[in-house]
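Chemist: I am sharing protein-v4.tsv, which consists of TSV, C-alpha atoms and all ligand atoms:
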chain	number	residue	atom	x	y	z
E	1	MET	CA	-6.30	26.15	18.68
E	2	ARG	CA	-2.57	26.52	19.00
E	3	LYS	CA	-0.94	23.21	19.91
E	4	ASN	CA	2.47	22.24	21.20
E	5	ILE	CA	4.18	19.86	18.81
E	6	VAL	CA	7.45	17.96	18.89
E	7	ALA	CA	8.31	16.28	15.60
E	8	GLY	CA	11.33	14.08	14.97
E	9	ASN	CA	12.79	14.33	11.48
E	10	TRP	CA	14.82	11.19	10.97
E	11	LYS	CA	16.13	12.37	7.57
E	12	MET	CA	17.99	9.61	5.64
E	13	ASN	CA	18.72	7.56	8.76
E	14	LYS	CA	17.60	4.18	10.14
E	15	ASP	CA	17.02	1.10	8.00
E	16	LEU	CA	14.08	-1.22	8.63
E	17	ALA	CA	15.57	-3.09	11.58
E	18	GLU	CA	16.81	0.14	13.17
E	19	THR	CA	13.42	1.76	12.64
E	20	LYS	CA	11.69	-1.11	14.46
E	21	THR	CA	14.17	-0.89	17.33
E	22	LEU	CA	13.83	2.88	17.76
E	23	ILE	CA	10.04	2.66	17.62
E	24	SER	CA	9.90	-0.03	20.28
E	25	GLU	CA	12.20	2.10	22.46
E	26	LEU	CA	9.95	5.11	21.93
E	27	LYS	CA	6.90	3.04	22.87
E	28	GLY	CA	8.64	2.09	26.11
E	29	ASN	CA	8.59	5.72	27.24
E	30	VAL	CA	5.79	7.56	28.96
E	31	ILE	CA	4.73	10.83	27.40
E	32	THR	CA	4.03	13.25	30.22
E	33	SER	CA	3.87	16.28	27.98
E	34	ASP	CA	0.81	17.92	26.44
E	35	ALA	CA	2.65	18.14	23.10
E	36	GLU	CA	1.59	16.25	20.00
E	37	VAL	CA	4.41	13.88	19.14
E	38	MET	CA	5.38	12.95	15.58
E	39	ILE	CA	8.17	11.05	13.88
E	40	ALA	CA	9.18	11.19	10.23
E	41	PRO	CA	11.03	8.02	9.18
E	42	THR	CA	12.19	7.43	5.60
E	43	PHE	CA	9.61	6.55	2.94
E	44	THR	CA	10.54	2.84	2.92
E	45	ASN	CA	9.77	2.52	6.62
E	46	LEU	CA	6.62	4.64	6.84
E	47	LEU	CA	4.21	1.72	6.56
E	48	THR	CA	5.96	-0.37	9.20
E	49	ALA	CA	6.17	2.68	11.46
E	50	SER	CA	2.53	3.66	11.05
E	51	GLU	CA	1.35	0.09	11.64
E	52	SER	CA	3.38	-0.34	14.79
E	53	LEU	CA	2.30	3.06	16.14
E	54	LYS	CA	-1.37	2.74	15.14
E	55	ASP	CA	-2.70	2.76	18.70
E	56	SER	CA	-0.09	5.05	20.17
E	57	GLU	CA	0.07	8.79	20.77
E	58	ILE	CA	2.90	9.11	18.26
E	59	GLU	CA	1.91	10.15	14.74
E	60	VAL	CA	3.95	8.98	11.77
E	61	ILE	CA	4.54	11.71	9.21
E	62	ALA	CA	6.42	12.07	5.90
E	63	GLN	CA	9.56	14.10	5.21
E	64	ASN	CA	8.56	15.20	1.72
E	65	MET	CA	6.22	14.49	-1.20
E	66	HIS	CA	5.64	15.42	-4.83
E	67	PHE	CA	2.87	17.84	-5.81
E	68	ALA	CA	1.31	15.64	-8.52
E	69	GLU	CA	-1.22	12.90	-7.79
E	70	ASN	CA	0.62	10.37	-9.93
E	71	GLY	CA	2.40	10.17	-13.27
E	72	ALA	CA	5.84	10.11	-14.84
E	73	TYR	CA	7.88	11.40	-11.91
E	74	THR	CA	10.44	8.67	-11.34
E	75	GLY	CA	11.43	8.28	-7.73
E	76	GLU	CA	8.68	10.47	-6.32
E	77	ILE	CA	5.79	9.86	-3.90
E	78	SER	CA	2.41	11.61	-3.85
E	79	ALA	CA	-0.01	12.75	-1.17
E	80	THR	CA	-2.51	10.04	-2.14
E	81	MET	CA	0.17	7.38	-1.69
E	82	LEU	CA	1.01	8.71	1.74
E	83	LYS	CA	-2.64	8.84	2.70
E	84	SER	CA	-3.16	5.26	1.50
E	85	ILE	CA	-0.83	4.09	4.29
E	86	GLY	CA	-2.37	6.35	6.91
E	87	VAL	CA	0.10	9.25	6.78
E	88	LYS	CA	-1.75	12.54	7.22
E	89	THR	CA	1.03	15.05	7.83
E	90	VAL	CA	3.97	16.01	5.63
E	91	ILE	CA	7.05	18.20	6.07
E	92	ILE	CA	7.53	20.57	3.14
E	93	GLY	CA	10.36	22.98	2.40
E	94	HIS	CA	13.05	21.61	4.68
E	95	SER	CA	16.28	23.52	4.06
E	96	GLU	CA	17.98	20.31	2.89
E	97	ARG	CA	15.30	19.93	0.20
E	98	ARG	CA	15.78	23.57	-0.78
E	99	GLU	CA	19.56	23.34	-0.83
E	100	TYR	CA	20.40	19.86	-2.17
E	101	PHE	CA	17.34	19.28	-4.37
E	102	ASN	CA	16.86	22.83	-5.62
E	103	GLU	CA	13.32	23.15	-4.29
E	104	ASP	CA	12.28	26.76	-4.81
E	105	ASP	CA	9.34	28.84	-3.66
E	106	VAL	CA	7.27	28.06	-6.77
E	107	LEU	CA	7.66	24.30	-6.32
E	108	LEU	CA	7.05	24.50	-2.59
E	109	LYS	CA	3.84	26.42	-3.17
E	110	GLN	CA	2.65	23.60	-5.45
E	111	LYS	CA	3.52	21.03	-2.81
E	112	VAL	CA	1.68	22.98	-0.11
E	113	ASP	CA	-1.38	23.22	-2.35
E	114	SER	CA	-1.30	19.51	-3.09
E	115	GLY	CA	-1.00	18.65	0.59
E	116	LEU	CA	-3.96	20.84	1.48
E	117	GLU	CA	-6.09	19.61	-1.44
E	118	ASN	CA	-5.50	16.13	-0.09
E	119	LYS	CA	-6.57	17.22	3.37
E	120	MET	CA	-3.13	16.68	4.84
E	121	ARG	CA	-1.49	18.76	7.50
E	122	VAL	CA	1.59	20.57	6.22
E	123	ILE	CA	4.62	21.40	8.36
E	124	PHE	CA	6.19	24.19	6.32
E	125	CYS	CA	9.90	24.86	6.98
E	126	PHE	CA	11.87	27.99	6.25
E	127	GLY	CA	14.82	29.90	7.64
E	128	GLU	CA	17.75	32.09	6.76
E	129	LYS	CA	21.35	31.08	6.00
E	130	LEU	CA	24.34	32.27	8.00
E	131	GLU	CA	25.28	34.99	5.52
E	132	ASP	CA	21.69	36.31	5.59
E	133	ARG	CA	21.87	36.67	9.35
E	134	LYS	CA	25.32	38.25	9.18
E	135	ASN	CA	23.90	40.79	6.74
E	136	GLY	CA	20.88	41.41	8.94
E	137	ASP	CA	18.55	40.04	6.23
E	138	GLN	CA	16.93	37.24	8.25
E	139	PHE	CA	13.53	38.90	8.57
E	140	THR	CA	13.30	39.75	4.86
E	141	ILE	CA	14.34	36.23	3.85
E	142	VAL	CA	11.84	34.55	6.17
E	143	GLU	CA	9.06	36.94	5.15
E	144	ASN	CA	9.65	36.15	1.48
E	145	GLN	CA	9.73	32.40	2.04
E	146	ILE	CA	6.41	32.50	3.88
E	147	ARG	CA	4.78	35.03	1.58
E	148	LYS	CA	5.67	33.19	-1.63
E	149	ALA	CA	4.57	29.73	-0.56
E	150	LEU	CA	1.67	30.46	1.79
E	151	PHE	CA	0.11	33.91	1.46
E	152	HIS	CA	-2.10	32.91	-1.47
E	153	LEU	CA	-3.97	30.55	0.87
E	154	PRO	CA	-7.46	31.34	2.11
E	155	GLU	CA	-7.81	31.87	5.83
E	156	GLU	CA	-9.41	28.47	6.49
E	157	SER	CA	-6.41	26.62	5.06
E	158	TRP	CA	-4.26	27.84	7.93
E	159	GLU	CA	-5.95	25.30	10.22
E	160	SER	CA	-3.86	22.68	8.42
E	161	ILE	CA	-0.56	24.54	8.47
E	162	VAL	CA	2.20	24.26	11.05
E	163	LEU	CA	5.24	26.51	10.63
E	164	ALA	CA	8.81	25.49	11.43
E	165	TYR	CA	11.47	28.17	11.68
E	166	GLU	CA	14.82	26.51	11.10
E	167	PRO	CA	17.78	28.85	10.75
E	168	VAL	CA	20.06	26.95	8.35
E	169	TRP	CA	23.16	27.84	10.36
E	170	ALA	CA	21.72	25.99	13.36
E	171	ILE	CA	20.76	22.74	11.63
E	172	GLY	CA	23.00	19.83	12.53
E	173	THR	CA	25.77	22.23	13.54
E	174	GLY	CA	25.37	22.06	17.29
E	175	GLU	CA	24.79	25.81	17.16
E	176	THR	CA	21.36	26.84	18.38
E	177	ALA	CA	19.56	30.11	17.98
E	178	SER	CA	19.43	31.73	21.39
E	179	PRO	CA	16.02	31.63	23.05
E	180	GLU	CA	15.84	35.39	22.38
E	181	GLN	CA	16.64	34.98	18.66
E	182	ALA	CA	13.99	32.26	18.35
E	183	GLN	CA	11.35	34.27	20.20
E	184	GLN	CA	12.14	37.40	18.17
E	185	MET	CA	11.71	35.56	14.86
E	186	HIS	CA	8.59	33.66	15.97
E	187	HIS	CA	7.02	36.89	17.16
E	188	PHE	CA	7.87	38.52	13.83
E	189	ILE	CA	6.23	35.62	11.95
E	190	ARG	CA	3.08	35.82	14.03
E	191	ARG	CA	2.83	39.56	13.36
E	192	LEU	CA	3.33	38.94	9.66
E	193	ILE	CA	0.42	36.51	9.61
E	194	SER	CA	-1.71	38.83	11.67
E	195	ASP	CA	-1.07	41.67	9.19
E	196	ARG	CA	-1.90	39.48	6.17
E	197	TYR	CA	-4.87	37.67	7.77
E	198	ASN	CA	-5.93	38.54	11.30
E	199	PHE	CA	-5.05	38.10	14.95
E	200	ASP	CA	-6.99	34.84	15.33
E	201	VAL	CA	-5.14	33.08	12.51
E	202	ALA	CA	-1.80	34.29	13.84
E	203	ASP	CA	-2.66	33.33	17.39
E	204	SER	CA	-3.82	29.82	16.51
E	205	ILE	CA	-0.89	28.78	14.31
E	206	SER	CA	1.77	26.54	15.87
E	207	ILE	CA	5.29	27.79	15.15
E	208	LEU	CA	8.04	25.25	15.82
E	209	TYR	CA	11.73	25.96	16.18
E	210	GLY	CA	14.30	23.63	14.61
E	211	GLY	CA	18.09	23.58	14.73
E	212	SER	CA	20.20	21.63	17.23
E	213	VAL	CA	17.43	21.26	19.80
E	214	LYS	CA	18.67	18.92	22.53
E	215	PRO	CA	17.42	17.78	25.95
E	216	GLU	CA	19.72	20.40	27.49
E	217	ASN	CA	18.24	23.39	25.68
E	218	ALA	CA	14.67	22.31	24.85
E	219	LYS	CA	12.97	23.64	27.97
E	220	GLU	CA	14.47	27.10	27.59
E	221	ILE	CA	13.61	27.33	23.89
E	222	PHE	CA	10.06	26.00	24.39
E	223	SER	CA	9.40	28.39	27.26
E	224	ASN	CA	9.23	31.33	24.87
E	225	PRO	CA	5.65	32.54	24.38
E	226	ASP	CA	5.76	32.29	20.58
E	227	VAL	CA	7.60	28.95	20.36
E	228	ASP	CA	5.14	26.06	20.22
E	229	GLY	CA	7.53	23.16	19.95
E	230	GLY	CA	10.33	21.83	17.85
E	231	LEU	CA	11.40	20.00	14.73
E	232	ILE	CA	14.17	17.75	15.92
E	233	GLY	CA	16.84	16.15	13.73
E	234	GLY	CA	19.88	14.52	15.34
E	235	ALA	CA	18.41	14.25	18.82
E	236	ALA	CA	15.35	12.42	17.43
E	237	LEU	CA	17.49	9.43	16.44
E	238	ASN	CA	17.79	8.33	20.05
E	239	ALA	CA	14.68	7.45	22.07
E	240	GLU	CA	15.98	8.81	25.35
E	241	SER	CA	16.98	12.22	24.01
E	242	PHE	CA	13.85	12.57	21.85
E	243	MET	CA	11.56	11.73	24.75
E	244	ALA	CA	13.43	14.11	27.03
E	245	ILE	CA	12.72	16.86	24.49
E	246	VAL	CA	9.05	15.81	24.19
E	247	ASN	CA	8.69	15.85	27.96
E	248	ALA	CA	10.41	19.21	28.25
E	249	PHE	CA	6.88	20.57	27.85
E	250	SER	CA	5.61	19.01	31.05
E	301	LIG	P1	19.02	19.12	13.92
E	301	LIG	O1	18.05	19.15	12.64
E	301	LIG	O2	18.13	19.01	15.13
E	301	LIG	O3	19.89	17.94	13.72
E	301	LIG	O4	19.77	20.42	13.90
E	301	LIG	C1	16.83	19.84	12.66
E	301	LIG	C2	16.13	19.69	11.34
E	301	LIG	O5	16.80	19.68	10.31
E	301	LIG	O6	14.89	19.58	11.29
Let me see whether you can do it: turn the structure in this file into structure tokens.

Modeler:
Amino acid sequence: MRKNIVAGNWKMNKDLAETKTLISELKGNVITSDAEVMIAPTFTNLLTASESLKDSEIEVIAQNMHFAENGAYTGEISATMLKSIGVKTVIIGHSERREYFNEDDVLLKQKVDSGLENKMRVIFCFGEKLEDRKNGDQFTIVENQIRKALFHLPEESWESIVLAYEPVWAIGTGETASPEQAQQMHHFIRRLISDRYNFDVADSISILYGGSVKPENAKEIFSNPDVDGGLIGGAALNAESFMAIVNAFS
């Protein structure tokens, strides 16, 4: 079943004290929306966050993970470690991971596989850069990103996949894809999945939009038939703006 989802990606922001403050502010808000709500704090604050949100409607998720179970990978964190503190969902393939940490399609495929083997839900991010869009290559780029990391999966694995289209030129720039651009790409993605698998898989997958979503534009973006929510960066660092985006679904 396709679900509406609003996930806050805190990136490398908020220390322990700030994390506790933001979480208590979030808990002070009423969720009137039918969307699933998630937040992704930094690794060091995941345990505190998941403990303080244990009985709430907000799920605590991870921003990244390594594909191996354990071993000599200094500085990395595995799916089993995340699961051991109650984290069941992970973001994979964020454009900042691709760009600053050289994560390529081969690596991302391994991470997706590891997440699914560990029965986690994977929020898989992808999106074109500004020059790709200027050249009219956005559909080819997005198709390749999805094909290379996900199209080896059997149909049943798609129950645990959420897609997040994040045009790189719209992330943290204040520039948002127009509702038409978002709908056009999301519709293209759904057709791609339908062609590779079938209509049911394509119809049941949640496709989120990410890139400068704010309280002022959330409702319009989310009202598109193929947009099932958002991955929110900057606006997720403030309880009021994040909750306004969450409740844009109501
Ligand atoms: P932004 O980030 O909302 O700050 O543009 C979105 C994201 O990177 O997920």

Chemist: Between E:Ile91, E:Met120, E:Leu53, E:Ile207, single out the one closest to ligand LIG 301 (chain E), counting all atoms listed in the file.

Modeler: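 Once distances to ligand LIG 301 (chain E) are computed over all atoms listed in the file, the minimum belongs to E:Ile91.
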
Chemist: Please find the residues contacting ligand LIG 301 (chain E) at a distance of at most 9 Å between atoms, with all atoms listed in the file counted, and report them as JSON, numbers by chain.

Modeler: {"E": [7, 8, 9, 10, 11, 94, 95, 96, 125, 164, 166, 168, 169, 170, 171, 172, 173, 174, 175, 176, 209, 210, 211, 212, 213, 214, 230, 231, 232, 233, 234, 235, 236]}

Chemist: For a quick check of understanding, using all atoms listed in the file, which of E:Ser241, E:Ser33, E:Gln110, E:Gln184 has the smallest distance to Gln138 (chain E)?

Modeler: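 Closest to Gln138 (chain E) of all the choices is E:Gln184.
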
Chemist: Up to 12 Å from (8.7, -1.8, 21.2) in the file's coordinates: name the residues, counting all atoms listed in the file, as a ChimeraX atom specification.

Modeler: /E:17-29,49,52-53,56,239

Chemist: Pick out the closest residue to Val227 (chain E) from this set: E:Glu156, E:Glu180, E:Glu57, E:Glu76. Count all atoms listed in the file.

Modeler: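 Of the candidates, the smallest distance to Val227 (chain E) is held by E:Glu180.
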
Chemist: Taking only C-alpha atoms into account, name the residue in E:Glu155, E:Asp226, E:Asp200, E:Glu143 that is nearest to Gln183 (chain E).

Modeler: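 That would be E:Asp226, the residue with the smallest distance to Gln183 (chain E).
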
Chemist: Kindly provide, as a list in words, the polymer residues lying within 12 Å of (-0.9, 5.6, 16.4), counting all atoms listed in the file and using the coordinates exactly as they appear in the file.

Modeler: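 Residues close enough to count: Ile23, Lys27, Glu36, Val37, Met38, Ile39, Leu47, Thr48, Ala49, Ser50, Glu51, Ser52, Leu53, Lys54, Asp55, Ser56, Glu57, Ile58, Glu59, Val60, Ile61, Gly86, Val87 and Lys88 of chain E.
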
Chemist: From the list E:Ala218, E:Ile189, E:Leu237, E:Val142, which residue is nearest Phe249 (chain E) when using all atoms listed in the file?

Modeler: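 For Phe249 (chain E), the nearest of the candidates is E:Ala218.
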
Chemist: What are the centre and the three edge lengths of an axis-aligned box that wraps all atoms of region 195-206 of chain E in the file, given that 8 Å is added to every side, written as AutoDock Vina command-line options and rounded to one decimal in Å?

Modeler:
--center_x -2.6 --center_y 34.1 --center_z 11.8 --size_x 24.8 --size_y 31.1 --size_z 27.2

Chemist: When you count all atoms listed in the file, which of these residues is closest to Glu99 (chain E): E:Glu117, E:Glu216, E:Asp203, E:Glu128?

Modeler: E:Glu128

Chemist: Considering all atoms listed in the file, return as a list in words whatever protein or nucleic-acid residues lie within 12 Å of Asp34 (chain E), sequence-local ones (same chain, fewer than 3 positions apart) excluded.

Modeler: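 Counting all atoms listed in the file, the residues come to Arg2, Lys3, Asn4, Ile5, Val6, Val30, Ile31, Val37, Glu57, Asp228, Gly229, Val246, Asn247, Ala248, Phe249 and Ser250 of chain E.
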
Chemist: List the neighbours of Thr89 (chain E) out to 12 Å using all atoms listed in the file; skip same-chain residues closer than 6 positions along the sequence, and give me the result as a PyMOL selection string.

Modeler: chain E and resi 7+37-40+46+50+59-65+79-80+82-83+112+115-116+118-124+160-162

Chemist: Using all atoms listed in the file, which residues sit within 9 Å of Met1 (chain E) once same-chain residues fewer than 5 positions away are excluded, as a PyMOL selection string?

Modeler: chain E and resi 159+203-206

Chemist: Fewer than 6 positions away in the same chain doesn't count, so skip those; otherwise give me all residues within 9 Å of Ile141 (chain E), counting only C-alpha atoms, as a list in words.

Modeler: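 The residues that qualify are Phe126, Gly127, Glu128, Lys129 and Asp132 of chain E.
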
Chemist: Enter the distance from CA of Lys134 (chain E) to CA of Arg98 (chain E), in Å, rounded to one decimal.

Modeler: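 Distance reported for this atom pair: 20.1 Å.
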
Chemist: Take region 9-30 of chain E from the preceding structure and save N, CA and C atoms as an mmCIF file, in the first residue's frame.

Modeler:
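This is the output file out23.cif:
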data_model
loop_
_atom_site.group_PDB
_atom_site.id
_atom_site.type_symbol
_atom_site.label_atom_id
_atom_site.label_comp_id
_atom_site.auth_asym_id
_atom_site.auth_seq_id
_atom_site.Cartn_x
_atom_site.Cartn_y
_atom_site.Cartn_z
ATOM 1 N N ASN E 9 15.693 14.885 7.376
ATOM 2 C CA ASN E 9 17.103 14.492 7.326
ATOM 3 C C ASN E 9 17.913 15.596 7.999
ATOM 4 N N TRP E 10 18.370 15.291 9.199
ATOM 5 C CA TRP E 10 19.059 16.338 9.975
ATOM 6 C C TRP E 10 20.498 16.547 9.504
ATOM 7 N N LYS E 11 21.004 15.659 8.667
ATOM 8 C CA LYS E 11 22.391 15.767 8.168
ATOM 9 C C LYS E 11 23.362 15.909 9.359
ATOM 10 N N MET E 12 24.472 16.643 9.200
ATOM 11 C CA MET E 12 25.437 16.758 10.308
ATOM 12 C C MET E 12 25.097 17.995 11.147
ATOM 13 N N ASN E 13 23.902 17.952 11.739
ATOM 14 C CA ASN E 13 23.429 19.063 12.566
ATOM 15 C C ASN E 13 22.888 18.517 13.881
ATOM 16 N N LYS E 14 22.923 19.345 14.910
ATOM 17 C CA LYS E 14 22.362 19.066 16.234
ATOM 18 C C LYS E 14 23.245 18.131 17.065
ATOM 19 N N ASP E 15 23.826 18.690 18.120
ATOM 20 C CA ASP E 15 24.559 17.855 19.080
ATOM 21 C C ASP E 15 23.549 17.207 20.028
ATOM 22 N N LEU E 16 24.035 16.549 21.061
ATOM 23 C CA LEU E 16 23.130 15.795 21.933
ATOM 24 C C LEU E 16 22.075 16.696 22.590
ATOM 25 N N ALA E 17 22.527 17.796 23.171
ATOM 26 C CA ALA E 17 21.577 18.684 23.862
ATOM 27 C C ALA E 17 20.558 19.248 22.866
ATOM 28 N N GLU E 18 21.040 19.637 21.694
ATOM 29 C CA GLU E 18 20.132 20.204 20.683
ATOM 30 C C GLU E 18 19.146 19.148 20.164
ATOM 31 N N THR E 19 19.633 17.918 20.077
ATOM 32 C CA THR E 19 18.764 16.823 19.632
ATOM 33 C C THR E 19 17.623 16.634 20.629
ATOM 34 N N LYS E 20 17.979 16.624 21.923
ATOM 35 C CA LYS E 20 16.943 16.451 22.962
ATOM 36 C C LYS E 20 15.932 17.596 22.903
ATOM 37 N N THR E 21 16.416 18.801 22.714
ATOM 38 C CA THR E 21 15.512 19.960 22.659
ATOM 39 C C THR E 21 14.562 19.843 21.470
ATOM 40 N N LEU E 22 15.123 19.556 20.295
ATOM 41 C CA LEU E 22 14.268 19.488 19.096
ATOM 42 C C LEU E 22 13.248 18.360 19.228
ATOM 43 N N ILE E 23 13.672 17.231 19.792
ATOM 44 C CA ILE E 23 12.730 16.123 19.952
ATOM 45 C C ILE E 23 11.611 16.502 20.920
ATOM 46 N N SER E 24 11.944 17.170 22.012
ATOM 47 C CA SER E 24 10.855 17.524 22.932
ATOM 48 C C SER E 24 9.925 18.553 22.277
ATOM 49 N N GLU E 25 10.456 19.413 21.441
ATOM 50 C CA GLU E 25 9.583 20.359 20.719
ATOM 51 C C GLU E 25 8.686 19.606 19.727
ATOM 52 N N LEU E 26 9.260 18.619 19.058
ATOM 53 C CA LEU E 26 8.461 17.839 18.101
ATOM 54 C C LEU E 26 7.330 17.109 18.831
ATOM 55 N N LYS E 27 7.669 16.563 20.002
ATOM 56 C CA LYS E 27 6.660 15.819 20.776
ATOM 57 C C LYS E 27 5.538 16.733 21.268
ATOM 58 N N GLY E 28 5.806 18.003 21.350
ATOM 59 C CA GLY E 28 4.798 18.961 21.798
ATOM 60 C C GLY E 28 3.791 19.311 20.710
ATOM 61 N N ASN E 29 4.003 18.795 19.509
ATOM 62 C CA ASN E 29 3.099 19.093 18.392
ATOM 63 C C ASN E 29 2.122 17.950 18.149
ATOM 64 N N VAL E 30 0.973 18.306 17.637
ATOM 65 C CA VAL E 30 -0.013 17.280 17.306
ATOM 66 C C VAL E 30 0.092 16.969 15.816
#
